[in-house]
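To start, the structure itself, in structure tokens.
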Amino acid sequence: MERMPEFELSRPASYAEAATLLAAEPGARLLAGGTDLVPNLRRGLGKPSRLVDLGAVQGQAGLVCGEQHWTLGAGITLARLAVEPRLQGAAVALAEGARAAAGPGHRTVATLAGNLCQDTRCVYYNQSEWWRQANDYCLKRGGQTCHVAPQGSRCHAAFSGDVAPALIALDASVDLLSARGTRRLPLADCYRDDGAAHLTLASDEVLTRIVLPAPAAGLLSGYRKARARGSMDFALAGAACALRVQGGELASLRIALTGTNSHPLLLQGTEAFVGSPLDEAAVAALGKLVHKQVSPMRTTVMQSHYRRLVAAVQVQRLVAELAERAGHAVTA
Ligand SMILES: Cc1cc2nc3c(=O)[nH]c(=O)nc-3n(C[C@H](O)[C@H](O)[C@H](O)COP(=O)(O)OP(=O)(O)OC[C@H]3O[C@@H](n4cnc5c(N)ncnc54)[C@H](O)[C@@H]3O)c2cc1C
Ligand code: SF4
């Protein structure tokens with residue numbers, strides 16, 4: 001890794017001040033825990049004129065569990081999410097996602113917003129400057145061709161964050177603040193399937209909080225992740241699920257995946273399973289649905305077809321685990 005590039009540093013005391021700084025200087029970037037941004041800058045993947053360090057913003061790490069909604073501050077750390085007692089029940093997918101991300105040292109400073117807004121990844125991109133130069137760069141930064149899909153005109157770098165699928169399965173929305181005011185967006189709508197521009201947030205918007213519907217009675221959730229190294233690694237495929245079973249039938253079902261596309265993917269078509277038994281046939285059909293909808297490309301060291309199969313199996317095993325917790329054992 002190289003030295004950090006030259007930059008100005010600001011430490012605003014509020015998100016509003018941070019938004020004003022972003023609006024005033026298009027080259028400015030937000031810095032939270034820095035565990036995604038700093039390694040990328042040290043690889044020459046960006047040259048912000050100013051870093052707006054959110055570390056001094058007060059009251060950014062709260063968790064309020066209200067009757068209608070649960071609200072999480074954008075600056076809550078992954079380490080706290082992983083052990084937070086109120087997240088060990090219905091919303092445990094969120095704690096499991098946080099626990100699966102990066103290493104223990106990273107998680108002590110890594111924030112929820114930073115995890116949701118992390119960059120997409122590719123074996124041709126997360127490399128040193130000289131390596132990328134030797135390969136004539138690529139579409140995502142500085143080049144004309146995508147080495148993964150040379151015939152195409154878009155980047156397929158994968159979104160590999162562990163927490164976004166959990167939050168999407170739990171139907172989360174986020175509040176975005178800019179000099180123009182605040183807007184609330186379903187988390188799934190914060191992303192698009194373009195590895196070079198995967199966030200729909202404007203460059204001057206600050207993600208300030210995450211809002212979940214308070215979990216309905218009987219809701220069960222979980223997150224599973226396949227990775228090459230068990231100790232610490234990005235997801236080859238990760239799956240989160242939130243479901244309710246009533247009288248042996250599915251009363252609600254949401255599934256989201258990571259590591260397979262340029263955005264966290266909310267599985268489409270799960271509503272068709274509501275009102276039907278949660279049995280082997282349903283688990284098999286869900287696997288097929290995942291197989292059809294995910295589109296991993298050759299952006300990791302593992303083959304894309306393997307990641308497609310793993311994504312389907314992760315969903316099947318996770319749904320079977322949740323079914324067992326609901327008292328309806330099925331075989332995945
Ligand atoms: C060795 C290593 C392994 C890792 N493994 C994993 C892993 O397994 N799973 C995983 O999910 N991640 C992993 N990461 C990536 C990273 O650690 C996490 O994504 C972390 O949660 C990022 O949070 P942060 O606060 O450090 O973000 P930062 O690095 O500070 O910021 C990340 C991005 O988010 C933007 N941002 C930050 N806060 C806001 C905000 N409030 N509003 C809008 N934009 C904002 C920043 O501008 C930047 O673009 C790994 C990183 C390393 C170095
Ligand atoms: S998918 Fe293609 S354009 Fe995107 S980072 Fe990889 S090689 Fe570059």
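If you're wondering about the labels, chains in the structure tokens are A, B, ... by order shown, residues count from 1 in each chain, ligands from 1 in order shown.
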
task = Check which residues fall inside 7 Å of ligand 1 when counting only C-alpha atoms and all ligand atoms, and print them as an MDAnalysis selection string.
result = chainID A and resid 29:39 74:75 78 100:103 106:107 109:119 160:163 205:208 232:235

Write a file of the selected residues as a short mmCIF file (atom, residue, chain, number, x, y, z; two decimals), in the first residue's frame, keeping N, CA and C atoms.
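Produced file result-v1.cif, reproduced below:
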```cif
data_model
loop_
_atom_site.label_atom_id
_atom_site.label_comp_id
_atom_site.auth_asym_id
_atom_site.auth_seq_id
_atom_site.Cartn_x
_atom_site.Cartn_y
_atom_site.Cartn_z
N ARG A 29 -15.12 13.73 0.85
CA ARG A 29 -15.70 12.39 1.13
C ARG A 29 -15.89 12.22 2.62
N LEU A 30 -16.94 11.50 2.99
CA LEU A 30 -17.16 11.19 4.40
C LEU A 30 -16.19 10.10 4.85
N LEU A 31 -15.75 10.22 6.09
CA LEU A 31 -14.89 9.20 6.71
C LEU A 31 -15.55 8.80 8.02
N ALA A 32 -15.86 7.51 8.16
CA ALA A 32 -16.42 7.03 9.44
C ALA A 32 -15.31 6.24 10.15
N GLY A 33 -15.42 4.91 10.21
CA GLY A 33 -14.34 4.12 10.84
C GLY A 33 -13.10 4.05 9.97
N GLY A 34 -13.25 4.29 8.67
CA GLY A 34 -12.11 4.30 7.75
C GLY A 34 -11.64 2.92 7.30
N THR A 35 -12.32 1.85 7.74
CA THR A 35 -11.78 0.51 7.44
C THR A 35 -12.00 0.08 6.00
N ASP A 36 -12.90 0.74 5.30
CA ASP A 36 -13.06 0.48 3.87
C ASP A 36 -12.37 1.59 3.07
N LEU A 37 -12.63 2.82 3.47
CA LEU A 37 -12.14 3.96 2.69
C LEU A 37 -10.61 4.08 2.72
N VAL A 38 -10.02 3.96 3.89
CA VAL A 38 -8.57 4.22 4.00
C VAL A 38 -7.74 3.21 3.18
N PRO A 39 -8.01 1.89 3.30
CA PRO A 39 -7.23 0.97 2.44
C PRO A 39 -7.43 1.29 0.95
N ALA A 74 -26.46 5.95 12.59
CA ALA A 74 -25.58 5.51 11.50
C ALA A 74 -24.17 5.20 11.99
N GLY A 75 -23.79 5.79 13.14
CA GLY A 75 -22.42 5.62 13.61
C GLY A 75 -22.24 4.50 14.61
N LEU A 78 -19.99 -1.93 14.44
CA LEU A 78 -20.35 -3.33 14.18
C LEU A 78 -20.11 -4.16 15.44
N ALA A 100 -20.20 -11.18 11.31
CA ALA A 100 -19.53 -11.86 10.19
C ALA A 100 -18.63 -10.92 9.39
N ALA A 101 -18.72 -9.60 9.68
CA ALA A 101 -17.99 -8.62 8.85
C ALA A 101 -16.58 -8.40 9.39
N ALA A 102 -15.62 -8.43 8.50
CA ALA A 102 -14.22 -8.08 8.80
C ALA A 102 -13.68 -8.80 10.02
N GLY A 103 -12.68 -8.21 10.70
CA GLY A 103 -12.08 -8.84 11.88
C GLY A 103 -12.44 -8.06 13.14
N HIS A 106 -11.26 -4.41 13.25
CA HIS A 106 -12.03 -3.54 12.35
C HIS A 106 -13.39 -3.18 12.96
N ARG A 107 -14.03 -4.21 13.53
CA ARG A 107 -15.42 -4.01 14.00
C ARG A 107 -15.52 -3.01 15.15
N VAL A 109 -14.20 -0.15 15.26
CA VAL A 109 -14.34 1.22 14.72
C VAL A 109 -15.28 1.28 13.52
N ALA A 110 -15.49 0.16 12.85
CA ALA A 110 -16.32 0.15 11.63
C ALA A 110 -17.77 0.48 12.00
N THR A 111 -18.38 1.35 11.22
CA THR A 111 -19.74 1.80 11.54
C THR A 111 -20.77 1.14 10.63
N LEU A 112 -22.01 1.23 11.08
CA LEU A 112 -23.11 0.68 10.30
C LEU A 112 -23.22 1.40 8.95
N ALA A 113 -23.20 2.74 8.95
CA ALA A 113 -23.33 3.47 7.67
C ALA A 113 -22.16 3.16 6.75
N GLY A 114 -20.96 3.07 7.31
CA GLY A 114 -19.79 2.75 6.49
C GLY A 114 -19.94 1.38 5.87
N ASN A 115 -20.52 0.45 6.61
CA ASN A 115 -20.72 -0.89 6.07
C ASN A 115 -21.71 -0.86 4.92
N LEU A 116 -22.78 -0.08 5.08
CA LEU A 116 -23.81 -0.03 4.04
C LEU A 116 -23.30 0.69 2.79
N CYS A 117 -22.40 1.67 3.01
CA CYS A 117 -21.94 2.50 1.88
C CYS A 117 -20.57 2.06 1.36
N GLN A 118 -20.08 0.91 1.80
CA GLN A 118 -18.76 0.46 1.35
C GLN A 118 -18.74 0.28 -0.17
N ASP A 119 -17.54 0.36 -0.71
CA ASP A 119 -17.35 0.24 -2.16
C ASP A 119 -17.58 -1.21 -2.60
N SER A 160 -20.33 -6.59 -1.30
CA SER A 160 -20.06 -7.73 -0.41
C SER A 160 -20.28 -7.40 1.06
N GLY A 161 -21.02 -6.34 1.35
CA GLY A 161 -21.29 -5.98 2.74
C GLY A 161 -22.17 -7.03 3.41
N ASP A 162 -21.91 -7.29 4.68
CA ASP A 162 -22.65 -8.34 5.39
C ASP A 162 -23.91 -7.83 6.07
N VAL A 163 -23.99 -6.53 6.33
CA VAL A 163 -25.12 -6.05 7.14
C VAL A 163 -26.32 -5.66 6.27
N GLU A 205 -25.01 13.60 0.21
CA GLU A 205 -25.97 13.10 1.20
C GLU A 205 -25.24 12.31 2.30
N VAL A 206 -25.72 12.51 3.53
CA VAL A 206 -25.17 11.78 4.68
C VAL A 206 -26.25 10.83 5.19
N LEU A 207 -25.89 9.58 5.34
CA LEU A 207 -26.82 8.60 5.91
C LEU A 207 -26.78 8.80 7.43
N THR A 208 -27.90 9.18 8.01
CA THR A 208 -27.89 9.55 9.43
C THR A 208 -28.49 8.49 10.34
N MET A 232 -11.61 -14.31 8.59
CA MET A 232 -11.95 -12.95 8.15
C MET A 232 -11.90 -12.93 6.62
N ASP A 233 -13.01 -12.68 6.01
CA ASP A 233 -13.03 -12.59 4.54
C ASP A 233 -14.36 -12.03 4.07
N PHE A 234 -14.33 -11.44 2.90
CA PHE A 234 -15.57 -10.94 2.30
C PHE A 234 -16.42 -12.13 1.83
N ALA A 235 -17.72 -11.88 1.72
CA ALA A 235 -18.64 -12.96 1.36
C ALA A 235 -18.47 -13.36 -0.11
#
```

Listing only residues of chain A within 10 Å of ligand 2, what is the closest atom pair and its distance in Å (to one decimal) for each, using only C-alpha atoms and all ligand atoms, sorted by chain and residue number ascending, as JSON lines?
```
{"residue": "A:Thr120", "atom": "CA", "partner": "ligand 2", "partner_atom_place_in_ligand_line": "5 (S)", "distance": 8.0}
{"residue": "A:Arg121", "atom": "CA", "partner": "ligand 2", "partner_atom_place_in_ligand_line": "5 (S)", "distance": 6.7}
{"residue": "A:Cys122", "atom": "CA", "partner": "ligand 2", "partner_atom_place_in_ligand_line": "6 (Fe)", "distance": 4.7}
{"residue": "A:Val123", "atom": "CA", "partner": "ligand 2", "partner_atom_place_in_ligand_line": "6 (Fe)", "distance": 6.5}
{"residue": "A:Tyr124", "atom": "CA", "partner": "ligand 2", "partner_atom_place_in_ligand_line": "7 (S)", "distance": 4.9}
{"residue": "A:Tyr125", "atom": "CA", "partner": "ligand 2", "partner_atom_place_in_ligand_line": "5 (S)", "distance": 4.7}
{"residue": "A:Asn126", "atom": "CA", "partner": "ligand 2", "partner_atom_place_in_ligand_line": "5 (S)", "distance": 8.0}
{"residue": "A:Arg132", "atom": "CA", "partner": "ligand 2", "partner_atom_place_in_ligand_line": "8 (Fe)", "distance": 9.4}
{"residue": "A:Asn135", "atom": "CA", "partner": "ligand 2", "partner_atom_place_in_ligand_line": "7 (S)", "distance": 9.8}
{"residue": "A:Tyr137", "atom": "CA", "partner": "ligand 2", "partner_atom_place_in_ligand_line": "8 (Fe)", "distance": 7.4}
{"residue": "A:Cys138", "atom": "CA", "partner": "ligand 2", "partner_atom_place_in_ligand_line": "8 (Fe)", "distance": 4.4}
{"residue": "A:Leu139", "atom": "CA", "partner": "ligand 2", "partner_atom_place_in_ligand_line": "3 (S)", "distance": 4.0}
{"residue": "A:Lys140", "atom": "CA", "partner": "ligand 2", "partner_atom_place_in_ligand_line": "3 (S)", "distance": 4.4}
{"residue": "A:Arg141", "atom": "CA", "partner": "ligand 2", "partner_atom_place_in_ligand_line": "8 (Fe)", "distance": 7.0}
{"residue": "A:Gly142", "atom": "CA", "partner": "ligand 2", "partner_atom_place_in_ligand_line": "8 (Fe)", "distance": 9.3}
{"residue": "A:Gly143", "atom": "CA", "partner": "ligand 2", "partner_atom_place_in_ligand_line": "3 (S)", "distance": 8.1}
{"residue": "A:Gln144", "atom": "CA", "partner": "ligand 2", "partner_atom_place_in_ligand_line": "3 (S)", "distance": 8.4}
{"residue": "A:Thr145", "atom": "CA", "partner": "ligand 2", "partner_atom_place_in_ligand_line": "3 (S)", "distance": 6.6}
{"residue": "A:Cys146", "atom": "CA", "partner": "ligand 2", "partner_atom_place_in_ligand_line": "2 (Fe)", "distance": 3.6}
{"residue": "A:His147", "atom": "CA", "partner": "ligand 2", "partner_atom_place_in_ligand_line": "7 (S)", "distance": 4.3}
{"residue": "A:Val148", "atom": "CA", "partner": "ligand 2", "partner_atom_place_in_ligand_line": "2 (Fe)", "distance": 4.8}
{"residue": "A:Ala149", "atom": "CA", "partner": "ligand 2", "partner_atom_place_in_ligand_line": "2 (Fe)", "distance": 6.3}
{"residue": "A:Pro150", "atom": "CA", "partner": "ligand 2", "partner_atom_place_in_ligand_line": "2 (Fe)", "distance": 7.7}
{"residue": "A:Gly152", "atom": "CA", "partner": "ligand 2", "partner_atom_place_in_ligand_line": "2 (Fe)", "distance": 9.1}
{"residue": "A:Ser153", "atom": "CA", "partner": "ligand 2", "partner_atom_place_in_ligand_line": "3 (S)", "distance": 8.4}
{"residue": "A:Arg154", "atom": "CA", "partner": "ligand 2", "partner_atom_place_in_ligand_line": "3 (S)", "distance": 6.5}
{"residue": "A:Cys155", "atom": "CA", "partner": "ligand 2", "partner_atom_place_in_ligand_line": "4 (Fe)", "distance": 3.7}
{"residue": "A:His156", "atom": "CA", "partner": "ligand 2", "partner_atom_place_in_ligand_line": "1 (S)", "distance": 3.9}
{"residue": "A:Ala157", "atom": "CA", "partner": "ligand 2", "partner_atom_place_in_ligand_line": "1 (S)", "distance": 4.2}
{"residue": "A:Ala158", "atom": "CA", "partner": "ligand 2", "partner_atom_place_in_ligand_line": "1 (S)", "distance": 7.7}
{"residue": "A:Asp194", "atom": "CA", "partner": "ligand 2", "partner_atom_place_in_ligand_line": "4 (Fe)", "distance": 8.7}
{"residue": "A:Gly195", "atom": "CA", "partner": "ligand 2", "partner_atom_place_in_ligand_line": "4 (Fe)", "distance": 5.9}
{"residue": "A:Ala196", "atom": "CA", "partner": "ligand 2", "partner_atom_place_in_ligand_line": "4 (Fe)", "distance": 6.4}
{"residue": "A:Ser262", "atom": "CA", "partner": "ligand 2", "partner_atom_place_in_ligand_line": "1 (S)", "distance": 9.0}
{"residue": "A:Met297", "atom": "CA", "partner": "ligand 2", "partner_atom_place_in_ligand_line": "1 (S)", "distance": 7.7}
{"residue": "A:Arg298", "atom": "CA", "partner": "ligand 2", "partner_atom_place_in_ligand_line": "1 (S)", "distance": 7.7}
{"residue": "A:Thr299", "atom": "CA", "partner": "ligand 2", "partner_atom_place_in_ligand_line": "6 (Fe)", "distance": 5.8}
{"residue": "A:Thr300", "atom": "CA", "partner": "ligand 2", "partner_atom_place_in_ligand_line": "6 (Fe)", "distance": 9.1}
```

Since we have the selection now, will you write its residues out, keeping C-alpha atoms, as a CSV table (one decimal), in the first residue's frame?
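Output file result.csv follows:
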```csv
chain,number,residue,atom,x,y,z
A,120,THR,CA,-17.9,-2.7,-4.5
A,121,ARG,CA,-15.1,-5.2,-4.9
A,122,CYS,CA,-13.3,-7.0,-7.7
A,123,VAL,CA,-10.0,-8.9,-8.1
A,124,TYR,CA,-9.1,-6.5,-10.8
A,125,TYR,CA,-9.9,-3.4,-8.7
A,126,ASN,CA,-8.8,-4.1,-5.1
A,132,ARG,CA,-3.8,-2.0,-12.1
A,135,ASN,CA,-3.2,-4.3,-16.5
A,137,TYR,CA,-6.7,-0.3,-15.4
A,138,CYS,CA,-10.4,-1.2,-16.0
A,139,LEU,CA,-13.8,0.5,-16.5
A,140,LYS,CA,-14.4,1.1,-12.8
A,141,ARG,CA,-11.4,3.3,-12.6
A,142,GLY,CA,-9.1,4.8,-15.2
A,143,GLY,CA,-9.5,2.2,-18.0
A,144,GLN,CA,-11.7,1.4,-21.1
A,145,THR,CA,-12.4,-2.3,-20.6
A,146,CYS,CA,-13.9,-4.5,-18.0
A,147,HIS,CA,-11.6,-7.5,-17.6
A,148,VAL,CA,-14.4,-9.6,-16.2
A,149,ALA,CA,-16.8,-9.0,-19.1
A,150,PRO,CA,-14.8,-7.4,-21.9
A,152,GLY,CA,-19.9,-5.3,-22.0
A,153,SER,CA,-20.0,-1.7,-21.1
A,154,ARG,CA,-20.6,-1.9,-17.4
A,155,CYS,CA,-18.7,-2.9,-14.2
A,156,HIS,CA,-19.8,-6.0,-12.4
A,157,ALA,CA,-17.8,-5.5,-9.2
A,158,ALA,CA,-19.7,-7.2,-6.3
A,194,ASP,CA,-23.8,-1.1,-11.5
A,195,GLY,CA,-20.4,-1.9,-9.8
A,196,ALA,CA,-18.9,1.5,-10.8
A,262,SER,CA,-23.2,-5.2,-7.6
A,297,MET,CA,-19.3,-12.7,-12.2
A,298,ARG,CA,-15.6,-13.5,-12.2
A,299,THR,CA,-14.9,-10.8,-9.7
A,300,THR,CA,-13.5,-13.1,-6.9
```

message = Excluding Thr258 (chain A) and its own-chain neighbours fewer than 2 positions away, which residues fall within 8 Å of it when counting only C-alpha atoms? Please give them as a PyMOL selection string.
response = chain A and resi 159-162+164-165+235+237-239+256+260-261+263-265

query = What's the 8 Å shell around Val92 (chain A), counting only C-alpha atoms, without same-chain residues fewer than 4 positions away, as a list of chain:residue names?
reply = A:Leu87, A:Gln88, A:Glu96, A:Ser221, A:Gly222

Output N, CA and C atoms for every residue in that selection, as a compact mmCIF listing (two decimals), in the first residue's frame.
```
# COMPACT_ATOMS: atom_id res chain seq x y z
N LEU A 87 -30.66 -7.12 20.06
CA LEU A 87 -30.60 -7.66 18.70
C LEU A 87 -30.33 -9.16 18.71
N GLN A 88 -30.57 -9.81 19.81
CA GLN A 88 -30.32 -11.26 19.83
C GLN A 88 -31.62 -12.05 19.65
N GLU A 96 -25.87 -11.00 13.54
CA GLU A 96 -25.06 -12.03 12.85
C GLU A 96 -24.32 -11.43 11.66
N SER A 221 -35.22 -14.43 12.24
CA SER A 221 -34.31 -13.98 11.19
C SER A 221 -32.93 -14.60 11.38
N GLY A 222 -32.11 -14.52 10.35
CA GLY A 222 -30.75 -15.05 10.45
C GLY A 222 -29.93 -14.63 9.24
```

message = DSSP on the backbone: which residues in region 121-318 of chain A end up as strand (DSSP E or B)? Give the answer as number ranges by chain.
response = A: 121, 138, 141-142, 158, 173-178, 181-186, 191, 199, 206-213, 220-226, 237-246, 249-258, 265-266, 277

task = May I ask which of the residues A:Leu177, A:Met4, A:Leu309, A:Ala95 is the closest one to Arg42 (chain A), counting only C-alpha atoms?
result =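 Comparing A:Leu177, A:Met4, A:Leu309, A:Ala95 against Arg42 (chain A), the winner is A:Met4.
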
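DSSP, applied to the backbone of this structure, assigns alpha helix (DSSP H) to the following residues of region 33-92 of chain A: A:Leu37, A:Val38, A:Pro39, A:Asn40, A:Leu41, A:Arg42, A:Leu78, A:Ala79, A:Arg80, A:Leu81, A:Ala82, A:Val83, A:Val92.
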
key: From A:Tyr223, A:Phe273, A:Tyr191, A:Trp131, residue lying nearest Met1 (chain A) [only C-alpha atoms]   =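 Of A:Tyr223, A:Phe273, A:Tyr191, A:Trp131, the one nearest Met1 (chain A) is A:Trp131, counting only C-alpha atoms.
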
remark   = Residue with the minimum atom-to-atom distance to Ala281 (chain A), picked from A:Ser128, A:Ser14, A:Gln316, A:Gln151 with only C-alpha atoms counted, is A:Gln316

message = Would you compute the distance between CA of Ala240 (chain A) and CA of Ser173 (chain A)? Give it in Å to one decimal.
response =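 Straight-line distance from CA of Ala240 (chain A) to CA of Ser173 (chain A) works out to 16.2 Å.
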
If we count only C-alpha atoms and set the cut-off at 9 Å, which residues sit around Cys241 (chain A), ignoring sequence neighbours fewer than 5 positions away in its own chain? Please answer as a tab-separated table (two decimals) with all heavy atoms, in the first residue's frame.
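Heads up, here's the output in result17.tsv:
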```tsv
chain	number	residue	atom	x	y	z
A	93	ALA	N	-30.53	-11.40	12.78
A	93	ALA	CA	-29.81	-11.37	11.50
A	93	ALA	C	-28.84	-10.18	11.45
A	93	ALA	O	-27.74	-10.28	10.91
A	93	ALA	CB	-30.79	-11.27	10.33
A	165	PRO	N	-27.81	-7.06	3.62
A	165	PRO	CA	-28.86	-8.06	3.38
A	165	PRO	C	-29.73	-8.30	4.61
A	165	PRO	O	-30.95	-8.48	4.49
A	165	PRO	CB	-28.09	-9.33	2.99
A	165	PRO	CG	-26.68	-9.09	3.39
A	165	PRO	CD	-26.46	-7.62	3.38
A	166	ALA	N	-29.10	-8.27	5.80
A	166	ALA	CA	-29.87	-8.48	7.03
A	166	ALA	C	-30.90	-7.36	7.18
A	166	ALA	O	-32.08	-7.60	7.46
A	166	ALA	CB	-28.94	-8.52	8.23
A	168	ILE	N	-32.10	-5.40	4.85
A	168	ILE	CA	-33.12	-5.45	3.77
A	168	ILE	C	-34.14	-6.54	4.08
A	168	ILE	O	-35.35	-6.34	3.89
A	168	ILE	CB	-32.43	-5.62	2.40
A	168	ILE	CG1	-31.68	-4.34	2.03
A	168	ILE	CG2	-33.46	-5.97	1.31
A	168	ILE	CD1	-30.82	-4.42	0.79
A	169	ALA	N	-33.67	-7.68	4.58
A	169	ALA	CA	-34.62	-8.75	4.96
A	169	ALA	C	-35.56	-8.25	6.05
A	169	ALA	O	-36.73	-8.62	6.10
A	169	ALA	CB	-33.86	-9.99	5.42
A	170	LEU	N	-35.04	-7.37	6.93
A	170	LEU	CA	-35.87	-6.83	8.02
A	170	LEU	C	-36.63	-5.58	7.58
A	170	LEU	O	-37.23	-4.89	8.40
A	170	LEU	CB	-34.97	-6.51	9.23
A	170	LEU	CG	-34.34	-7.74	9.91
A	170	LEU	CD1	-33.21	-7.33	10.85
A	170	LEU	CD2	-35.40	-8.54	10.67
A	220	LEU	N	-38.72	-14.47	12.85
A	220	LEU	CA	-37.40	-15.11	13.04
A	220	LEU	C	-36.49	-14.62	11.93
A	220	LEU	O	-36.95	-14.42	10.79
A	220	LEU	CB	-37.54	-16.63	12.92
A	220	LEU	CG	-38.37	-17.33	14.01
A	220	LEU	CD1	-38.64	-18.77	13.61
A	220	LEU	CD2	-37.65	-17.26	15.35
A	221	SER	N	-35.22	-14.43	12.24
A	221	SER	CA	-34.31	-13.98	11.19
A	221	SER	C	-32.93	-14.60	11.38
A	221	SER	O	-32.63	-15.14	12.46
A	221	SER	CB	-34.20	-12.44	11.20
A	221	SER	OG	-33.44	-12.00	12.30
A	222	GLY	N	-32.11	-14.52	10.35
A	222	GLY	CA	-30.75	-15.05	10.45
A	222	GLY	C	-29.93	-14.63	9.24
A	222	GLY	O	-30.47	-14.12	8.24
A	223	TYR	N	-28.62	-14.81	9.36
A	223	TYR	CA	-27.69	-14.49	8.26
A	223	TYR	C	-26.65	-15.60	8.17
A	223	TYR	O	-26.15	-16.07	9.19
A	223	TYR	CB	-26.98	-13.15	8.55
A	223	TYR	CG	-25.95	-12.79	7.50
A	223	TYR	CD1	-26.35	-12.46	6.21
A	223	TYR	CD2	-24.58	-12.80	7.79
A	223	TYR	CE1	-25.40	-12.15	5.23
A	223	TYR	CE2	-23.63	-12.49	6.81
A	223	TYR	CZ	-24.06	-12.16	5.54
A	223	TYR	OH	-23.14	-11.85	4.57
A	253	LEU	N	-42.19	-13.59	4.40
A	253	LEU	CA	-40.88	-14.10	3.99
A	253	LEU	C	-40.14	-13.04	3.18
A	253	LEU	O	-40.65	-12.56	2.16
A	253	LEU	CB	-41.06	-15.36	3.11
A	253	LEU	CG	-39.80	-15.98	2.51
A	253	LEU	CD1	-38.88	-16.52	3.60
A	253	LEU	CD2	-40.17	-17.11	1.54
A	254	ARG	N	-38.97	-12.65	3.67
A	254	ARG	CA	-38.09	-11.74	2.91
A	254	ARG	C	-36.69	-12.31	2.94
A	254	ARG	O	-36.19	-12.70	4.00
A	254	ARG	CB	-38.08	-10.32	3.53
A	254	ARG	CG	-39.28	-9.49	3.18
A	254	ARG	CD	-39.26	-8.16	3.93
A	254	ARG	NE	-38.24	-7.24	3.43
A	254	ARG	CZ	-38.45	-6.34	2.47
A	254	ARG	NH1	-39.64	-6.24	1.88
A	254	ARG	NH2	-37.48	-5.51	2.10
A	255	ILE	N	-36.05	-12.32	1.78
A	255	ILE	CA	-34.70	-12.88	1.65
A	255	ILE	C	-33.84	-11.88	0.88
A	255	ILE	O	-34.30	-11.33	-0.13
A	255	ILE	CB	-34.74	-14.24	0.91
A	255	ILE	CG1	-35.46	-15.28	1.79
A	255	ILE	CG2	-33.33	-14.73	0.56
A	255	ILE	CD1	-35.74	-16.59	1.10
A	256	ALA	N	-32.63	-11.64	1.35
A	256	ALA	CA	-31.71	-10.76	0.61
A	256	ALA	C	-30.33	-11.40	0.57
A	256	ALA	O	-29.95	-12.13	1.49
A	256	ALA	CB	-31.66	-9.39	1.27
A	257	LEU	N	-29.61	-11.09	-0.50
A	257	LEU	CA	-28.30	-11.73	-0.71
A	257	LEU	C	-27.21	-10.68	-0.91
A	257	LEU	O	-27.48	-9.57	-1.36
A	257	LEU	CB	-28.36	-12.64	-1.95
A	257	LEU	CG	-29.27	-13.84	-1.72
A	257	LEU	CD1	-30.41	-13.83	-2.70
A	257	LEU	CD2	-28.49	-15.12	-1.79
A	315	VAL	N	-29.26	-19.99	1.18
A	315	VAL	CA	-30.66	-19.63	1.44
A	315	VAL	C	-31.43	-20.86	1.92
A	315	VAL	O	-32.19	-20.80	2.90
A	315	VAL	CB	-31.31	-19.03	0.16
A	315	VAL	CG1	-32.82	-18.98	0.29
A	315	VAL	CG2	-30.74	-17.64	-0.09
A	318	LEU	N	-30.43	-21.72	5.49
A	318	LEU	CA	-30.90	-20.70	6.43
A	318	LEU	C	-32.41	-20.85	6.67
A	318	LEU	O	-32.87	-20.82	7.81
A	318	LEU	CB	-30.57	-19.31	5.87
A	318	LEU	CG	-31.00	-18.11	6.70
A	318	LEU	CD1	-30.42	-18.17	8.11
A	318	LEU	CD2	-30.54	-16.82	6.02
A	319	VAL	N	-33.17	-21.02	5.58
A	319	VAL	CA	-34.62	-21.16	5.73
A	319	VAL	C	-34.93	-22.43	6.54
A	319	VAL	O	-35.80	-22.42	7.42
A	319	VAL	CB	-35.32	-21.18	4.35
A	319	VAL	CG1	-36.80	-21.54	4.47
A	319	VAL	CG2	-35.17	-19.82	3.68
A	322	LEU	N	-34.30	-21.70	10.19
A	322	LEU	CA	-35.36	-20.87	10.78
A	322	LEU	C	-36.64	-21.69	10.95
A	322	LEU	O	-37.36	-21.53	11.95
A	322	LEU	CB	-35.62	-19.63	9.92
A	322	LEU	CG	-34.44	-18.66	9.81
A	322	LEU	CD1	-34.80	-17.46	8.95
A	322	LEU	CD2	-33.97	-18.18	11.19
```
